[in-house]
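Here is the structure we will look at, set down as structure tokens.
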Amino acid sequence: MAKPHNLLLLGALVVLSLLVSPIAGARGNPKQQPPANKKRPAATKPRSSNYTASPSSSAVYGSGAWLSGAGATYYGEPNGDGSDGGACGYQTAVGKRPFDSMIAAGSTPLYRGGEGCGACYEVKCNTNAACSGKPVTIVITDQSPGGLFPGEVAHFDMSGTALGAMAKRGMADKLRAGGVIRIQYRRVPCKYTGVNIAFKVDKGANPFYMNVLIEFEDDDGDLSAVDLMEAGSHTWTPMAHNWGAMWRLNNGRALKAPFGLRLTSDSGRVLVVSNAIPAGWKPGKTYRSLVNYP
């Protein structure tokens, strides 16, 4: 039988080993260190001239690889521009330069509640004997009615002109008669050579309510935010996305023109347009700027 003082010595050694030994089962979760206080970025003064900022656009365009699983049909006249107006608000512009009827109504993943209006896509087909396999570029100018067809991840309801452009020479009518055409697609930058951004003031606008259609943006083609600066102000006021490509501001008081507009594209690129809408503006009138995204 062990002596009492030996037992006491042995017990002390065991306690000491537990205090210094890193036994895995006895570990608790490490305490989280409070985050270091981060300084807020200094406010930037509004610039009076047009300028752009260019963050990465990989989130918008991805790897640039062709995507499968989309379907295409057409609406309107076989050689037409789909329909005037549509859910983006471009009206008769869809059949004129620079859209030139090469447009499509996009399903929900493409239309995105109207914030996809103006985005450009390359599309091509190889699943029909009339397909040329060559890509053509189209612009989202409307919302596709109904849901997706079985097996689809996206749907392009194109103008007859746009669908026919995917066909071999002389076979556009055969392709248009092919029902739902399986296609490949990918997002691409828009390029409207010789055309600058335009601002069309809605017919219902008044001194207390500004509602404007913004069109023909190069690069991303669509916008995620728009801010307005009044004459004599140094503050940008966010506009609300109304519908389609329309943005509005009504803050309960008369707005003082001319207005500068700050546009933020889908990939976060910023373009400031000074005097985008002049003093003495008129409802229903279009004001063409001198700039576009580079």
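Residue numbers start at 1 in each chain; chains themselves are named A, B, ... in the order of the structure tokens; ligands are numbered from 1 in the order shown.
When the distance limit is 8 Å and only C-alpha atoms are what count, the residues near segment 192-204 of chain A, minus those fewer than 3 positions from it on the same chain, are Pro98, Met210, Asn211, Val212, Leu213, Ile214, Glu215, Phe216, Glu217, Asp218, Ala276, Ile277, Lys282, Pro283, Gly284, Lys285, Thr286, Tyr287, Arg288, Ser289, Leu290, Val291 and Asn292 of chain A.
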Store the residues of this selection in a file with N, CA and C atoms, as a short mmCIF file (atom, residue, chain, number, x, y, z; two decimals), in the first residue's frame.
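Listed below is the output, again.cif:
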```cif
data_model
loop_
_atom_site.label_atom_id
_atom_site.label_comp_id
_atom_site.auth_asym_id
_atom_site.auth_seq_id
_atom_site.Cartn_x
_atom_site.Cartn_y
_atom_site.Cartn_z
N PRO A 98 -29.57 52.56 -82.56
CA PRO A 98 -28.61 51.48 -82.82
C PRO A 98 -29.13 50.07 -82.53
N MET A 210 -39.37 63.75 -61.23
CA MET A 210 -38.52 63.46 -62.39
C MET A 210 -38.54 61.95 -62.65
N ASN A 211 -38.88 61.58 -63.88
CA ASN A 211 -38.90 60.18 -64.30
C ASN A 211 -38.22 60.13 -65.67
N VAL A 212 -37.14 59.38 -65.78
CA VAL A 212 -36.33 59.44 -66.99
C VAL A 212 -35.94 58.05 -67.47
N LEU A 213 -36.02 57.84 -68.78
CA LEU A 213 -35.56 56.62 -69.43
C LEU A 213 -34.11 56.83 -69.86
N ILE A 214 -33.24 55.88 -69.51
CA ILE A 214 -31.82 55.98 -69.85
C ILE A 214 -31.48 54.87 -70.83
N GLU A 215 -30.89 55.23 -71.96
CA GLU A 215 -30.67 54.22 -73.00
C GLU A 215 -29.34 54.42 -73.72
N PHE A 216 -28.91 53.34 -74.37
CA PHE A 216 -27.73 53.30 -75.23
C PHE A 216 -26.42 53.37 -74.44
N GLU A 217 -26.37 52.75 -73.26
CA GLU A 217 -25.12 52.71 -72.50
C GLU A 217 -24.18 51.67 -73.10
N ASP A 218 -22.98 52.07 -73.44
CA ASP A 218 -21.95 51.13 -73.87
C ASP A 218 -21.52 50.26 -72.70
N ALA A 276 -26.92 66.62 -67.63
CA ALA A 276 -27.58 65.60 -68.44
C ALA A 276 -28.96 66.04 -68.89
N ILE A 277 -29.68 66.72 -68.00
CA ILE A 277 -31.01 67.25 -68.31
C ILE A 277 -30.98 68.75 -68.04
N LYS A 282 -38.33 69.66 -70.95
CA LYS A 282 -39.72 69.46 -71.29
C LYS A 282 -40.10 67.98 -71.16
N PRO A 283 -41.27 67.66 -70.60
CA PRO A 283 -41.73 66.27 -70.55
C PRO A 283 -41.84 65.69 -71.96
N GLY A 284 -41.40 64.45 -72.12
CA GLY A 284 -41.48 63.77 -73.41
C GLY A 284 -40.30 64.03 -74.32
N LYS A 285 -39.39 64.91 -73.93
CA LYS A 285 -38.26 65.25 -74.80
C LYS A 285 -37.05 64.41 -74.45
N THR A 286 -36.25 64.06 -75.47
CA THR A 286 -35.02 63.28 -75.29
C THR A 286 -33.82 64.20 -75.35
N TYR A 287 -32.91 64.02 -74.37
CA TYR A 287 -31.68 64.82 -74.32
C TYR A 287 -30.50 63.89 -74.51
N ARG A 288 -29.76 64.11 -75.57
CA ARG A 288 -28.62 63.25 -75.91
C ARG A 288 -27.35 63.85 -75.32
N SER A 289 -26.61 63.03 -74.61
CA SER A 289 -25.38 63.50 -73.97
C SER A 289 -24.22 63.48 -74.98
N LEU A 290 -23.09 63.94 -74.53
CA LEU A 290 -21.88 63.92 -75.35
C LEU A 290 -20.93 62.82 -74.92
N VAL A 291 -21.39 61.90 -74.06
CA VAL A 291 -20.48 60.90 -73.49
C VAL A 291 -21.11 59.51 -73.51
N ASN A 292 -20.24 58.54 -73.28
CA ASN A 292 -20.67 57.17 -73.08
C ASN A 292 -19.56 56.47 -72.30
#
```
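Nearest-residue note for Val272 of chain A: choosing from A:Leu228, A:Val153, A:Cys120, A:Ile181, the minimum distance belongs to A:Leu228, counting only C-alpha atoms.
Using only C-alpha atoms, the shortest contact distance between Leu261 of chain A and any of A:Cys117, A:Met239, A:Ala162, A:Val273 is found at A:Val273.
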So that I can check the surroundings of Gly160 of chain A, please list as a list in words every protein, DNA and RNA residue that reaches within 7 Å of it, counting only C-alpha atoms and ignoring chain neighbours fewer than 2 positions away.
Tyr74, Tyr75, Gly76, Glu77, Pro78, Asn79, Gly80, Asp81, Gly82, Met158, Ala162, Leu163 and Gly164 of chain A
Quick one: residues within 10 Å of Ala154 of chain A, only C-alpha atoms, excluding same-chain residues fewer than 6 positions away - as a ChimeraX atom specification?
/A:68-72,106-110,147-148,183,185
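You can rank A:Thr235, A:Asn251, A:Thr73, A:Ser267 by their closest distance to Phe156 of chain A using only C-alpha atoms, and at the top of that list sits A:Thr73.
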Neighbour list for segment 253-256 of chain A as a list in words, cut-off 9 Å, only C-alpha atoms, skip fewer than 2 positions in-chain
Asn206, Pro207, Phe208, Tyr209, Met210, Glu230, Ala231, Gly232, Asn250, Asn251, Pro258, Phe259 and Ala279 of chain A
Distance query Leu67 of chain A at most 12 Å, only C-alpha atoms, self and fewer than 5 positions along chain excluded, as number ranges by chain
A: 61-62, 121-125, 152-154, 182-187
Just to be explicit: take each residue in the selection above, keep N, CA and C atoms, and write the result as a short mmCIF file (atom, residue, chain, number, x, y, z; two decimals), in the first residue's frame.
```
data_model
loop_
_atom_site.label_atom_id
_atom_site.label_comp_id
_atom_site.auth_asym_id
_atom_site.auth_seq_id
_atom_site.Cartn_x
_atom_site.Cartn_y
_atom_site.Cartn_z
N TYR A 61 -19.65 39.26 -66.41
CA TYR A 61 -19.36 38.52 -67.64
C TYR A 61 -18.85 37.11 -67.40
N GLY A 62 -18.50 36.79 -66.14
CA GLY A 62 -17.98 35.46 -65.84
C GLY A 62 -16.69 35.20 -66.60
N TYR A 121 -26.13 40.32 -75.31
CA TYR A 121 -25.76 38.90 -75.31
C TYR A 121 -25.41 38.47 -76.73
N GLU A 122 -24.44 37.60 -76.82
CA GLU A 122 -24.20 36.88 -78.07
C GLU A 122 -24.98 35.58 -78.00
N VAL A 123 -25.63 35.21 -79.08
CA VAL A 123 -26.40 33.96 -79.15
C VAL A 123 -26.05 33.25 -80.45
N LYS A 124 -26.12 31.91 -80.42
CA LYS A 124 -25.90 31.12 -81.63
C LYS A 124 -26.60 29.79 -81.46
N CYS A 125 -26.86 29.13 -82.58
CA CYS A 125 -27.52 27.82 -82.51
C CYS A 125 -26.87 26.84 -83.48
N GLU A 152 -35.05 24.42 -69.63
CA GLU A 152 -34.37 25.69 -69.88
C GLU A 152 -33.87 26.33 -68.59
N VAL A 153 -32.76 27.06 -68.70
CA VAL A 153 -32.30 27.90 -67.60
C VAL A 153 -32.53 29.37 -67.91
N ALA A 154 -32.78 29.69 -69.18
CA ALA A 154 -33.06 31.05 -69.61
C ALA A 154 -33.79 30.97 -70.94
N ARG A 182 -32.96 25.50 -79.34
CA ARG A 182 -31.95 25.46 -78.29
C ARG A 182 -30.74 26.27 -78.74
N ILE A 183 -30.28 27.15 -77.88
CA ILE A 183 -29.18 28.04 -78.24
C ILE A 183 -28.11 28.06 -77.16
N GLN A 184 -26.97 28.60 -77.52
CA GLN A 184 -25.91 28.93 -76.57
C GLN A 184 -25.85 30.45 -76.46
N TYR A 185 -25.45 30.94 -75.31
CA TYR A 185 -25.44 32.39 -75.11
C TYR A 185 -24.34 32.79 -74.14
N ARG A 186 -23.96 34.05 -74.19
CA ARG A 186 -23.02 34.61 -73.22
C ARG A 186 -23.18 36.12 -73.18
N ARG A 187 -22.96 36.68 -72.03
CA ARG A 187 -23.05 38.13 -71.85
C ARG A 187 -21.81 38.78 -72.48
#
```
Mind pulling up the distance from atom CA of Asp220 of chain A to atom CA of Asp266 of chain A?
6.2 Å
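Between atom CA of Asp84 of chain A and atom CA of Gly114 of chain A the separation is 16.3 Å.
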Enumerate the residues of segment 53-257 of chain A with a DSSP assignment of strand (DSSP E or B), computed from the backbone, and present them as a VMD selection string.
chain A and resid 53 67 to 75 103 to 106 120 to 124 131 136 to 143 154 to 159 167 181 to 188 190 198 to 201 206 209 to 215 219 223 to 229 237 to 238 240 to 243 246 to 249
Preceding selection exported with C-alpha atoms as an mmCIF file, in the first residue's frame:
```cif
data_model
loop_
_atom_site.group_PDB
_atom_site.id
_atom_site.type_symbol
_atom_site.label_atom_id
_atom_site.label_comp_id
_atom_site.auth_asym_id
_atom_site.auth_seq_id
_atom_site.Cartn_x
_atom_site.Cartn_y
_atom_site.Cartn_z
ATOM 1 C CA ALA A 53 -14.403 54.532 -62.550
ATOM 2 C CA LEU A 67 -23.511 28.852 -71.693
ATOM 3 C CA SER A 68 -25.976 26.117 -72.630
ATOM 4 C CA GLY A 69 -29.532 25.361 -71.578
ATOM 5 C CA ALA A 70 -31.300 28.382 -73.091
ATOM 6 C CA GLY A 71 -34.153 28.389 -75.566
ATOM 7 C CA ALA A 72 -35.230 30.910 -78.193
ATOM 8 C CA THR A 73 -38.485 31.746 -79.942
ATOM 9 C CA TYR A 74 -39.629 34.876 -81.759
ATOM 10 C CA TYR A 75 -42.569 37.241 -81.475
ATOM 11 C CA ILE A 103 -33.542 42.669 -79.627
ATOM 12 C CA ALA A 104 -35.099 40.077 -77.331
ATOM 13 C CA ALA A 105 -37.495 39.796 -74.447
ATOM 14 C CA GLY A 106 -35.623 38.066 -71.632
ATOM 15 C CA CYS A 120 -26.164 42.609 -74.552
ATOM 16 C CA TYR A 121 -25.758 38.905 -75.311
ATOM 17 C CA GLU A 122 -24.203 36.876 -78.069
ATOM 18 C CA VAL A 123 -26.395 33.957 -79.146
ATOM 19 C CA LYS A 124 -25.900 31.122 -81.629
ATOM 20 C CA CYS A 131 -28.685 27.252 -87.902
ATOM 21 C CA VAL A 136 -25.160 37.416 -83.361
ATOM 22 C CA THR A 137 -25.527 40.146 -80.720
ATOM 23 C CA ILE A 138 -28.908 41.063 -79.247
ATOM 24 C CA VAL A 139 -30.110 43.500 -76.581
ATOM 25 C CA ILE A 140 -32.643 42.834 -73.811
ATOM 26 C CA THR A 141 -35.477 45.328 -74.393
ATOM 27 C CA ASP A 142 -38.515 43.505 -72.978
ATOM 28 C CA GLN A 143 -39.664 40.788 -70.573
ATOM 29 C CA ALA A 154 -33.063 31.053 -69.612
ATOM 30 C CA HIS A 155 -35.279 32.042 -72.521
ATOM 31 C CA PHE A 156 -34.855 34.651 -75.260
ATOM 32 C CA ASP A 157 -38.085 35.624 -77.033
ATOM 33 C CA MET A 158 -36.441 37.415 -79.937
ATOM 34 C CA SER A 159 -37.687 39.666 -82.672
ATOM 35 C CA ALA A 167 -29.835 31.186 -89.738
ATOM 36 C CA ILE A 181 -34.646 26.572 -80.713
ATOM 37 C CA ARG A 182 -31.945 25.456 -78.292
ATOM 38 C CA ILE A 183 -29.183 28.037 -78.245
ATOM 39 C CA GLN A 184 -25.913 28.930 -76.566
ATOM 40 C CA TYR A 185 -25.438 32.391 -75.109
ATOM 41 C CA ARG A 186 -23.023 34.608 -73.219
ATOM 42 C CA ARG A 187 -23.046 38.134 -71.846
ATOM 43 C CA VAL A 188 -20.929 40.575 -73.861
ATOM 44 C CA CYS A 190 -22.493 46.557 -75.665
ATOM 45 C CA ALA A 198 -29.626 59.478 -74.117
ATOM 46 C CA PHE A 199 -32.052 60.612 -71.418
ATOM 47 C CA LYS A 200 -35.751 60.653 -72.317
ATOM 48 C CA VAL A 201 -37.891 62.532 -69.816
ATOM 49 C CA ASN A 206 -43.136 67.676 -63.601
ATOM 50 C CA TYR A 209 -41.377 64.463 -60.106
ATOM 51 C CA MET A 210 -38.524 63.460 -62.394
ATOM 52 C CA ASN A 211 -38.895 60.181 -64.301
ATOM 53 C CA VAL A 212 -36.326 59.440 -66.992
ATOM 54 C CA LEU A 213 -35.564 56.615 -69.433
ATOM 55 C CA ILE A 214 -31.822 55.984 -69.847
ATOM 56 C CA GLU A 215 -30.673 54.221 -73.001
ATOM 57 C CA ASP A 219 -20.181 48.298 -72.029
ATOM 58 C CA LEU A 223 -27.645 50.097 -64.698
ATOM 59 C CA SER A 224 -27.776 49.140 -61.021
ATOM 60 C CA ALA A 225 -28.070 52.670 -59.590
ATOM 61 C CA VAL A 226 -28.687 56.262 -60.671
ATOM 62 C CA ASP A 227 -28.160 59.430 -58.593
ATOM 63 C CA LEU A 228 -29.240 62.997 -59.367
ATOM 64 C CA MET A 229 -27.555 66.278 -58.457
ATOM 65 C CA THR A 237 -29.641 62.062 -54.296
ATOM 66 C CA PRO A 238 -30.405 58.404 -55.137
ATOM 67 C CA ALA A 240 -35.476 54.880 -57.390
ATOM 68 C CA HIS A 241 -35.677 52.229 -60.079
ATOM 69 C CA ASN A 242 -39.190 52.711 -61.417
ATOM 70 C CA TRP A 243 -39.635 49.997 -64.053
ATOM 71 C CA MET A 246 -36.880 54.130 -66.055
ATOM 72 C CA TRP A 247 -35.549 55.890 -62.941
ATOM 73 C CA ARG A 248 -37.507 58.377 -60.813
ATOM 74 C CA LEU A 249 -37.110 60.953 -58.046
#
```
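Among the candidates A:Gly260, A:Ser83, A:Asn128, A:Leu175, the residue lying nearest to His234 of chain A is A:Gly260 (atoms considered: only C-alpha atoms).
Across the model, the gap from atom CA of Ala119 of chain A to atom CA of Asp222 of chain A is 5.3 Å.
The residues of segment 51-285 of chain A that DSSP classifies as alpha helix (DSSP H), using the backbone of this structure, are Ser58, Ala59, Val60, Tyr61, Thr108, Pro109, Leu110, Tyr111, Gly160, Thr161, Ala162, Leu163, Gly164, Ala172, Asp173, Lys174, Leu175 and Arg176 of chain A.
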